Amino acid sequence: MSYFRGGVHLKTNKELTRSLQIKNAQIPSKVFIPLVQHMGVPCENVVQVADSVKKGTTIGRCDKFVGASIHSSISGKVLKIEKWNHPVFDCYDGVWIENDGKEESEKFEKSNFQTSDVHTIRKRIQQAGVVGMGGAGFPTHVKLSPPHEKKIEVLIINGAECEPYITSDYRLMLENPKQIWKGVRWMAKALGVNKAILAIEDDKKECLDSMSKNISFDGLDIQVKVLPVMYPQGAEKQVIFALTGKEVPSGGGLPMDVGVVVQNVGTCFAVHQALDEGKPLYERIVTVTGKGVKNPSNLRVRIGTTFKDCIEQCGGLTEDAYSIVSGGPMMGIAQHTMDTPVIKGTSAILVLTKEDVHQQEEMRCIRCGRCIRSCPIMLSPTLLAGFIKKENLDLAKRYNVIDCIECGCCDFVCPSHIPLVHWLKFGKMLLRDKK
Ligand code: SF4
Ligand code: SF4
């Protein structure tokens with residue numbers, strides 16, 4: 001059974017880490033913290049070389065609405081400000097900080113739930129640098145500030161985590177359910193909604209128990225719903241349709257257009273830490289996994305720690321390690337080096353072996369239509385890729401390439417191994433550049 005059209009059944013491979021408790025990763029001797037960690041406007045650095053910083057000191061600030069602050073994840077000294085590797089943008093400006101081993105921290109004042117107004121809540125979330133922790137990295141306060149004409153009726157908490165291998169949200173729901181609900185309460189207040197629905201996939205029954213048992217406050221209509229295991233069940237549009245039957249409009253529509261805001265469970269946890277504990281977002285849970293890692297683990301990692309450090313703490317690479325991906329196998333980004341930092345959106349570091357990576361020669365399209373049947377957005381990937389190859393962007397736009405959520409289902413099912421998502425991403429990028 002599926003609650004949305006298209007999609008694919010995947011081997012989840014979550015057994016590598018699902019039973020493993022979150023461990024604190026070692027604090028690195030130095031970190032590189034890029035000044036772009038979210039969608040929207042990048043930050044400007046507000047520190048200089050040789051400045052002393054603490055854990056939680058603001059090192060990057062963005063005064064524009066679609067931006068969120070960036071903080072030091074260790075205490076120490078600013079070593080350098082330079083361009084270095086970035087897991088999404090290949091290379092970006094950032095701040096190197098050398099650890100002084102003191103672990104001194106700088107926190108914000110804790111917020112009082114009863115007396116905080118919605119503007120203060122949103123401002124605090126922005127100052128604490130909270131962005132979507134599911135991977136997209138959209139600044140959270142923006143999603144919590146819908147325009148007046150958009151009445152939000154329901155807050156959806158996304159615990160579906162449908163990407164194979166990744167178990168960071170799963171462990172968070174098992175180990176920190178109360179803290180996640182506290183974050184939900186803040187978000188509901190910021191949005192002025194009294195209804196929240198938590199979505200969990202059917203293969204995470206333990207989370208259903210843990211989250212249901214720990215709802216510890218009144219005044220909010222909370223439902224916990226189980227969805228069938230199907231990729232990409234956790235994508236925003238799919239989870240909204242599955243839970244409410246509403247369809248986000250094509251052509252750049254947003255969940256708030258149908259009265260919904262979706263937040264990932266990790267984001268709820270970060271909001272709780274920002275407001276109840278005054279702790280900025282400078283660490284996150286990362287699943288380090290795949291057959292190419294000796295001891296897969298769920299680690300609590302300081303932002304700016306390198307992938308190499310994380311992998312070494314998991315016993316290092318196996319002999320047949322072949323490819324390193326930031327994120328999951330469907331939507332993740334292949335890396336050319338392990339010397340790249342964990343950022344706020346790094347939910348997983350996946351190391352695949354040669355056996356996992358099926359490099360097969362691309363063949364001609366045989367017009368089988370499988371890509372069309374698998375597309376959860378009802379696009380025609382084969383047609384769109386053809387338009388983009390011929391640089392016919394007007395037709396690609398008319399056939400809604402912009403709606404592609406880059407889920408990878410079409411690539412996965414294509415018997416001719418055509419890199420459809422590559423073409424669709426390329427087309428979207430060209431259209432954005434044309435604006
Ligand atoms: S990557 Fe885009 S075109 Fe391909 S199946 Fe997903 S949404 Fe459809
Ligand atoms: S799945 Fe591949 S071969 Fe089949 S129609 Fe789509 S692009 Fe062509």
# chains A, B, ... in the order shown; residues from 1 in each chain; ligands from 1
>>> residues_near_ligand(ligand="ligand 2", cutoff="10 Å", atoms="only C-alpha atoms and all ligand atoms", output="PyMOL selection string")
chain A and resi 362-374+380-386+409-420
>>> residues_near_ligand(ligand="ligand 1", cutoff="6 Å", atoms="only C-alpha atoms and all ligand atoms", output="compact mmCIF listing (two decimals) with all heavy atoms, in the first residue's frame")
# COMPACT_ATOMS: atom_id res chain seq x y z
N SER A 374 7.46 5.79 -11.72
CA SER A 374 8.07 5.88 -10.38
C SER A 374 8.08 7.31 -9.84
O SER A 374 8.31 7.51 -8.65
CB SER A 374 9.52 5.37 -10.42
OG SER A 374 10.34 6.33 -11.05
N CYS A 375 7.85 8.30 -10.70
CA CYS A 375 8.02 9.69 -10.24
C CYS A 375 6.88 10.09 -9.30
O CYS A 375 5.72 10.12 -9.70
CB CYS A 375 8.07 10.63 -11.44
SG CYS A 375 8.23 12.35 -10.88
N PRO A 376 7.21 10.43 -8.06
CA PRO A 376 6.16 10.79 -7.11
C PRO A 376 5.51 12.14 -7.40
O PRO A 376 4.49 12.48 -6.82
CB PRO A 376 6.91 10.84 -5.76
CG PRO A 376 8.32 11.09 -6.11
CD PRO A 376 8.55 10.47 -7.46
N ILE A 377 6.12 12.91 -8.32
CA ILE A 377 5.60 14.24 -8.64
C ILE A 377 4.81 14.19 -9.96
O ILE A 377 4.32 15.21 -10.44
CB ILE A 377 6.77 15.26 -8.73
CG1 ILE A 377 7.61 15.22 -7.45
CG2 ILE A 377 6.33 16.68 -8.98
CD1 ILE A 377 6.90 15.72 -6.21
N LEU A 379 5.99 13.67 -12.98
CA LEU A 379 6.70 14.30 -14.09
C LEU A 379 7.03 13.23 -15.13
O LEU A 379 6.86 12.03 -14.87
CB LEU A 379 8.00 14.95 -13.60
CG LEU A 379 7.85 16.04 -12.53
CD1 LEU A 379 9.22 16.51 -12.06
CD2 LEU A 379 7.06 17.22 -13.07
N PRO A 381 10.31 12.20 -16.51
CA PRO A 381 11.76 12.43 -16.47
C PRO A 381 12.45 12.23 -17.82
O PRO A 381 13.34 13.00 -18.17
CB PRO A 381 12.25 11.39 -15.45
CG PRO A 381 11.05 11.07 -14.62
CD PRO A 381 9.87 11.20 -15.52
N CYS A 404 10.62 19.04 -9.70
CA CYS A 404 11.39 17.81 -9.38
C CYS A 404 12.00 17.94 -7.99
O CYS A 404 12.64 18.94 -7.68
CB CYS A 404 12.48 17.63 -10.44
SG CYS A 404 13.66 16.35 -9.99
N ILE A 405 11.80 16.93 -7.16
CA ILE A 405 12.35 16.99 -5.80
C ILE A 405 13.70 16.26 -5.70
O ILE A 405 14.22 16.05 -4.61
CB ILE A 405 11.35 16.43 -4.76
CG1 ILE A 405 10.94 14.98 -5.10
CG2 ILE A 405 10.13 17.32 -4.64
CD1 ILE A 405 10.18 14.29 -3.99
N GLU A 406 14.22 15.84 -6.84
CA GLU A 406 15.55 15.21 -6.92
C GLU A 406 15.63 13.96 -6.06
O GLU A 406 16.66 13.69 -5.43
CB GLU A 406 16.64 16.24 -6.57
CG GLU A 406 16.58 17.46 -7.49
CD GLU A 406 17.49 18.61 -7.10
OE1 GLU A 406 18.40 18.39 -6.27
OE2 GLU A 406 17.30 19.72 -7.62
N CYS A 407 14.55 13.21 -6.01
CA CYS A 407 14.50 12.03 -5.13
C CYS A 407 15.29 10.86 -5.68
O CYS A 407 15.66 9.95 -4.94
CB CYS A 407 13.05 11.61 -4.91
SG CYS A 407 12.23 11.04 -6.42
N GLY A 408 15.54 10.83 -6.99
CA GLY A 408 16.35 9.76 -7.56
C GLY A 408 15.58 8.51 -7.96
O GLY A 408 16.18 7.55 -8.45
N CYS A 409 14.25 8.50 -7.79
CA CYS A 409 13.48 7.29 -8.13
C CYS A 409 13.62 6.94 -9.62
O CYS A 409 13.76 5.77 -9.98
CB CYS A 409 12.00 7.49 -7.81
SG CYS A 409 11.66 7.57 -6.06
N CYS A 410 13.59 7.97 -10.47
CA CYS A 410 13.65 7.70 -11.91
C CYS A 410 14.99 7.06 -12.30
O CYS A 410 15.02 6.09 -13.06
CB CYS A 410 13.39 8.98 -12.71
SG CYS A 410 14.38 10.39 -12.20
N VAL A 421 18.49 12.19 -13.08
CA VAL A 421 18.51 13.24 -12.05
C VAL A 421 19.60 14.27 -12.35
O VAL A 421 19.41 15.47 -12.13
CB VAL A 421 18.71 12.67 -10.64
CG1 VAL A 421 18.53 13.76 -9.60
CG2 VAL A 421 17.73 11.57 -10.36
>>> select_by_dssp(residues="range 140-265 of chain A", states="alpha helix (DSSP H)", output="NGL selection string")
:A and (140-143 or 168-175 or 177-191 or 205-213 or 236-244 or 265)
>>> atom_distance(atom1="CA of Gly135 in chain A", atom2="CA of Lys344 in chain A")
8.0 Å
>>> closest_residue(among="A:Thr340, A:Gln238, A:Ser347, A:Ser19", to="Thr305 in chain A", atoms="only C-alpha atoms")
A:Thr340
>>> closest_residue(among="A:Ile311, A:Val288, A:Val226, A:Val154", to="Lys246 in chain A", atoms="only C-alpha atoms")
A:Val154
>>> closest_atom_pairs(of="range 206-308 of chain A", to="range 30-33 of chain A", cutoff="8 Å", atoms="only C-alpha atoms", output="JSON lines")
{"residue": "A:Ile303", "atom": "CA", "partner": "A:Ile33", "partner_atom": "CA", "distance": 6.7}
{"residue": "A:Gly304", "atom": "CA", "partner": "A:Val31", "partner_atom": "CA", "distance": 4.6}
{"residue": "A:Thr305", "atom": "CA", "partner": "A:Val31", "partner_atom": "CA", "distance": 5.3}
{"residue": "A:Thr306", "atom": "CA", "partner": "A:Val31", "partner_atom": "CA", "distance": 7.3}
>>> write_last_selection(atoms="all heavy atoms", output="tab-separated table (two decimals), in the first residue's frame")
chain	number	residue	atom	x	y	z
A	303	ILE	N	29.91	20.56	14.55
A	303	ILE	CA	29.95	21.11	13.19
A	303	ILE	C	31.40	21.53	12.89
A	303	ILE	O	32.07	22.11	13.74
A	303	ILE	CB	29.02	22.35	13.06
A	303	ILE	CG1	27.57	22.00	13.44
A	303	ILE	CG2	29.11	22.98	11.68
A	303	ILE	CD1	26.89	20.97	12.60
A	304	GLY	N	31.86	21.20	11.70
A	304	GLY	CA	33.22	21.56	11.32
A	304	GLY	C	34.22	20.42	11.47
A	304	GLY	O	35.36	20.52	11.02
A	305	THR	N	33.80	19.32	12.12
A	305	THR	CA	34.65	18.12	12.20
A	305	THR	C	34.74	17.55	10.78
A	305	THR	O	33.76	17.56	10.05
A	305	THR	CB	33.97	17.06	13.11
A	305	THR	OG1	33.66	17.67	14.36
A	305	THR	CG2	34.85	15.86	13.33
A	306	THR	N	35.90	17.03	10.40
A	306	THR	CA	35.99	16.51	9.03
A	306	THR	C	35.37	15.11	8.94
A	306	THR	O	35.29	14.38	9.93
A	306	THR	CB	37.45	16.40	8.55
A	306	THR	OG1	38.14	15.49	9.40
A	306	THR	CG2	38.14	17.74	8.53
>>> residues_around(residues="range 70-85 of chain A", least_positions_apart="3", cutoff="6 Å", atoms="only C-alpha atoms", output="number ranges by chain")
A: 49-60, 90-100, 103-104, 129, 282, 302-303, 340
>>> residues_around(residues="Val357 in chain A", least_positions_apart="2", cutoff="10 Å", atoms="only C-alpha atoms", output="VMD selection string")
chain A and resid 322 to 323 329 352 to 355 359 to 360
>>> write_last_selection(atoms="all heavy atoms", output="mmCIF file, in the first residue's frame")
data_model
loop_
_atom_site.group_PDB
_atom_site.id
_atom_site.type_symbol
_atom_site.label_atom_id
_atom_site.label_comp_id
_atom_site.auth_asym_id
_atom_site.auth_seq_id
_atom_site.Cartn_x
_atom_site.Cartn_y
_atom_site.Cartn_z
ATOM 1 N N TYR A 322 34.941 2.402 -1.419
ATOM 2 C CA TYR A 322 35.073 2.881 -2.806
ATOM 3 C C TYR A 322 34.572 4.308 -3.004
ATOM 4 O O TYR A 322 35.182 5.090 -3.714
ATOM 5 C CB TYR A 322 34.293 1.911 -3.702
ATOM 6 C CG TYR A 322 34.379 2.201 -5.162
ATOM 7 C CD1 TYR A 322 35.548 1.919 -5.864
ATOM 8 C CD2 TYR A 322 33.306 2.752 -5.850
ATOM 9 C CE1 TYR A 322 35.645 2.179 -7.216
ATOM 10 C CE2 TYR A 322 33.380 3.020 -7.196
ATOM 11 C CZ TYR A 322 34.552 2.726 -7.881
ATOM 12 O OH TYR A 322 34.640 2.990 -9.222
ATOM 13 N N SER A 323 33.453 4.629 -2.341
ATOM 14 C CA SER A 323 32.841 5.934 -2.618
ATOM 15 C C SER A 323 32.263 6.527 -1.336
ATOM 16 O O SER A 323 31.626 5.823 -0.547
ATOM 17 C CB SER A 323 31.739 5.717 -3.663
ATOM 18 O OG SER A 323 30.918 6.836 -3.763
ATOM 19 N N PRO A 329 22.038 7.273 -0.059
ATOM 20 C CA PRO A 329 22.393 6.868 -1.421
ATOM 21 C C PRO A 329 21.481 7.458 -2.496
ATOM 22 O O PRO A 329 21.867 7.529 -3.658
ATOM 23 C CB PRO A 329 22.226 5.345 -1.377
ATOM 24 C CG PRO A 329 21.235 5.103 -0.287
ATOM 25 C CD PRO A 329 21.471 6.170 0.731
ATOM 26 N N LEU A 352 30.401 3.569 0.585
ATOM 27 C CA LEU A 352 29.961 2.417 -0.212
ATOM 28 C C LEU A 352 31.179 1.647 -0.717
ATOM 29 O O LEU A 352 32.271 2.218 -0.870
ATOM 30 C CB LEU A 352 29.126 2.902 -1.392
ATOM 31 C CG LEU A 352 27.840 3.663 -1.015
ATOM 32 C CD1 LEU A 352 27.257 4.366 -2.228
ATOM 33 C CD2 LEU A 352 26.817 2.729 -0.389
ATOM 34 N N THR A 353 30.965 0.376 -0.976
ATOM 35 C CA THR A 353 32.035 -0.439 -1.565
ATOM 36 C C THR A 353 31.798 -0.523 -3.075
ATOM 37 O O THR A 353 30.735 -0.133 -3.569
ATOM 38 C CB THR A 353 32.009 -1.867 -0.987
ATOM 39 O OG1 THR A 353 30.745 -2.443 -1.333
ATOM 40 C CG2 THR A 353 32.178 -1.864 0.517
ATOM 41 N N LYS A 354 32.775 -1.085 -3.767
ATOM 42 C CA LYS A 354 32.641 -1.189 -5.226
ATOM 43 C C LYS A 354 31.416 -2.025 -5.580
ATOM 44 O O LYS A 354 30.699 -1.748 -6.546
ATOM 45 C CB LYS A 354 33.914 -1.811 -5.811
ATOM 46 C CG LYS A 354 34.017 -1.596 -7.287
ATOM 47 C CD LYS A 354 35.432 -1.652 -7.771
ATOM 48 C CE LYS A 354 35.467 -1.104 -9.200
ATOM 49 N NZ LYS A 354 36.788 -1.001 -9.715
ATOM 50 N N GLU A 355 31.175 -3.035 -4.760
ATOM 51 C CA GLU A 355 30.030 -3.911 -5.000
ATOM 52 C C GLU A 355 28.700 -3.141 -4.918
ATOM 53 O O GLU A 355 27.736 -3.441 -5.619
ATOM 54 C CB GLU A 355 30.060 -4.990 -3.909
ATOM 55 C CG GLU A 355 29.221 -6.197 -4.192
ATOM 56 C CD GLU A 355 29.096 -7.037 -2.921
ATOM 57 O OE1 GLU A 355 29.955 -6.943 -2.025
ATOM 58 O OE2 GLU A 355 28.100 -7.780 -2.850
ATOM 59 N N GLN A 359 28.289 0.698 -11.527
ATOM 60 C CA GLN A 359 28.590 1.624 -12.627
ATOM 61 C C GLN A 359 28.329 0.904 -13.928
ATOM 62 O O GLN A 359 29.104 0.037 -14.334
ATOM 63 C CB GLN A 359 30.038 2.072 -12.534
ATOM 64 C CG GLN A 359 30.192 3.204 -11.542
ATOM 65 C CD GLN A 359 31.608 3.714 -11.483
ATOM 66 O OE1 GLN A 359 32.556 2.959 -11.714
ATOM 67 N NE2 GLN A 359 31.770 4.969 -11.178
ATOM 68 N N GLN A 360 27.200 1.215 -14.529
ATOM 69 C CA GLN A 360 26.875 0.535 -15.768
ATOM 70 C C GLN A 360 26.770 1.539 -16.898
ATOM 71 O O GLN A 360 26.415 2.704 -16.680
ATOM 72 C CB GLN A 360 25.567 -0.244 -15.596
ATOM 73 C CG GLN A 360 25.822 -1.540 -14.855
ATOM 74 C CD GLN A 360 24.575 -2.078 -14.198
ATOM 75 O OE1 GLN A 360 23.856 -1.356 -13.512
ATOM 76 N NE2 GLN A 360 24.305 -3.332 -14.402
#
>>> closest_residue(among="A:Glu391, A:Asp257, A:Glu236, A:Glu163", to="Pro147 in chain A", atoms="only C-alpha atoms")
A:Asp257
>>> closest_residue(among="A:Lys189, A:Arg171, A:Lys204, A:Arg124", to="Leu275 in chain A", atoms="only C-alpha atoms")
A:Arg124
>>> atom_distance(atom1="CA of Val342 in chain A", atom2="CA of Tyr231 in chain A")
25.0 Å
>>> residues_around(residues="Gly278 in chain A", least_positions_apart="4", cutoff="10 Å", atoms="only C-alpha atoms", output="ChimeraX atom specification")
/A:56,106-111,124-125,128,271-274
>>> residues_around(residues="Ala160 in chain A", least_positions_apart="6", cutoff="9 Å", atoms="only C-alpha atoms", output="list of chain:residue names")
A:Asp169, A:Tyr170, A:Leu198, A:Ala199, A:Ile200, A:Glu201, A:Asp202, A:Lys204, A:Val226, A:Leu227, A:Val229, A:Gln233, A:Gly234, A:Ala235, A:Val239, A:Asn264
>>> closest_atom_pairs(of="range 221-289 of chain A", to="range 209-215 of chain A", cutoff="9 Å", atoms="only C-alpha atoms", output="JSON lines")
{"residue": "A:Ile222", "atom": "CA", "partner": "A:Ile215", "partner_atom": "CA", "distance": 8.4}
{"residue": "A:Gln223", "atom": "CA", "partner": "A:Ser212", "partner_atom": "CA", "distance": 8.7}
{"residue": "A:Val224", "atom": "CA", "partner": "A:Ser212", "partner_atom": "CA", "distance": 6.9}
>>> select_by_dssp(residues="range 142-272 of chain A", states="strand (DSSP E)", output="list in words")
Val154, Leu155, Ile156, Ile157, Asn158, Gly159, Lys195, Ala196, Ile197, Leu198, Ala199, Ile200, Glu201, Asp221, Ile222, Gln223, Val224, Lys225, Val226, Leu227, Val260, Val261, Val262, Gln263 and Asn264 of chain A
>>> decode(residues="range 217-229 of chain A", atoms="all heavy atoms", output="tab-separated table (two decimals), in the first residue's frame")
chain	number	residue	atom	x	y	z
A	217	PHE	N	2.53	17.23	27.58
A	217	PHE	CA	1.90	18.52	27.84
A	217	PHE	C	0.52	18.55	27.20
A	217	PHE	O	0.21	17.77	26.30
A	217	PHE	CB	2.75	19.68	27.31
A	217	PHE	CG	3.23	19.47	25.91
A	217	PHE	CD1	2.43	19.82	24.84
A	217	PHE	CD2	4.47	18.90	25.67
A	217	PHE	CE1	2.87	19.62	23.55
A	217	PHE	CE2	4.91	18.70	24.38
A	217	PHE	CZ	4.11	19.05	23.32
A	218	ASP	N	-0.30	19.47	27.68
A	218	ASP	CA	-1.66	19.60	27.17
A	218	ASP	C	-1.76	20.80	26.25
A	218	ASP	O	-0.81	21.53	26.05
A	218	ASP	CB	-2.64	19.83	28.35
A	218	ASP	CG	-2.54	18.71	29.36
A	218	ASP	OD1	-2.37	17.56	28.92
A	218	ASP	OD2	-2.61	19.00	30.56
A	219	GLY	N	-2.95	21.01	25.73
A	219	GLY	CA	-3.22	22.24	24.96
A	219	GLY	C	-2.90	22.11	23.50
A	219	GLY	O	-3.02	23.07	22.75
A	220	LEU	N	-2.43	20.94	23.04
A	220	LEU	CA	-2.12	20.75	21.62
A	220	LEU	C	-2.73	19.41	21.20
A	220	LEU	O	-2.55	18.41	21.88
A	220	LEU	CB	-0.59	20.72	21.49
A	220	LEU	CG	0.05	20.95	20.13
A	220	LEU	CD1	-0.39	22.26	19.51
A	220	LEU	CD2	1.57	20.96	20.29
A	221	ASP	N	-3.47	19.45	20.10
A	221	ASP	CA	-4.05	18.20	19.57
A	221	ASP	C	-2.93	17.49	18.82
A	221	ASP	O	-2.55	17.92	17.73
A	221	ASP	CB	-5.23	18.58	18.66
A	221	ASP	CG	-5.73	17.39	17.85
A	221	ASP	OD1	-5.32	16.26	18.16
A	221	ASP	OD2	-6.50	17.61	16.90
A	222	ILE	N	-2.42	16.41	19.41
A	222	ILE	CA	-1.28	15.72	18.79
A	222	ILE	C	-1.72	14.34	18.31
A	222	ILE	O	-2.34	13.57	19.05
A	222	ILE	CB	-0.13	15.55	19.80
A	222	ILE	CG1	0.45	16.92	20.14
A	222	ILE	CG2	0.97	14.66	19.23
A	222	ILE	CD1	1.55	16.88	21.17
A	223	GLN	N	-1.39	14.04	17.06
A	223	GLN	CA	-1.65	12.69	16.54
A	223	GLN	C	-0.33	12.10	16.08
A	223	GLN	O	0.53	12.82	15.58
A	223	GLN	CB	-2.60	12.77	15.35
A	223	GLN	CG	-3.98	13.31	15.71
A	223	GLN	CD	-4.81	13.59	14.46
A	223	GLN	OE1	-4.53	13.10	13.38
A	223	GLN	NE2	-5.84	14.40	14.63
A	224	VAL	N	-0.19	10.79	16.28
A	224	VAL	CA	1.00	10.11	15.77
A	224	VAL	C	0.51	9.13	14.71
A	224	VAL	O	-0.34	8.29	14.99
A	224	VAL	CB	1.74	9.36	16.90
A	224	VAL	CG1	2.99	8.68	16.37
A	224	VAL	CG2	2.11	10.32	18.03
A	225	LYS	N	0.98	9.29	13.48
A	225	LYS	CA	0.47	8.45	12.39
A	225	LYS	C	1.58	7.61	11.78
A	225	LYS	O	2.70	8.08	11.58
A	225	LYS	CB	-0.16	9.31	11.32
A	225	LYS	CG	-1.42	10.01	11.81
A	225	LYS	CD	-2.46	10.08	10.73
A	225	LYS	CE	-3.77	10.56	11.33
A	225	LYS	NZ	-4.62	11.23	10.40
A	226	VAL	N	1.21	6.36	11.47
A	226	VAL	CA	2.17	5.44	10.87
A	226	VAL	C	1.92	5.38	9.36
A	226	VAL	O	0.79	5.22	8.92
A	226	VAL	CB	1.99	4.03	11.48
A	226	VAL	CG1	2.96	3.04	10.84
A	226	VAL	CG2	2.22	4.09	12.98
A	227	LEU	N	2.99	5.54	8.61
A	227	LEU	CA	2.89	5.52	7.15
A	227	LEU	C	3.60	4.28	6.60
A	227	LEU	O	4.56	3.79	7.21
A	227	LEU	CB	3.53	6.77	6.57
A	227	LEU	CG	2.89	8.10	7.00
A	227	LEU	CD1	3.70	9.28	6.47
A	227	LEU	CD2	1.46	8.19	6.50
A	228	PRO	N	3.15	3.78	5.46
A	228	PRO	CA	3.82	2.61	4.87
A	228	PRO	C	5.26	2.93	4.50
A	228	PRO	O	5.58	4.09	4.21
A	228	PRO	CB	3.00	2.31	3.61
A	228	PRO	CG	1.85	3.21	3.62
A	228	PRO	CD	2.06	4.29	4.63
A	229	VAL	N	6.10	1.91	4.49
A	229	VAL	CA	7.52	2.11	4.12
A	229	VAL	C	7.61	2.19	2.61
A	229	VAL	O	7.34	1.21	1.90
A	229	VAL	CB	8.38	0.94	4.64
A	229	VAL	CG1	9.84	1.17	4.29
A	229	VAL	CG2	8.20	0.79	6.14
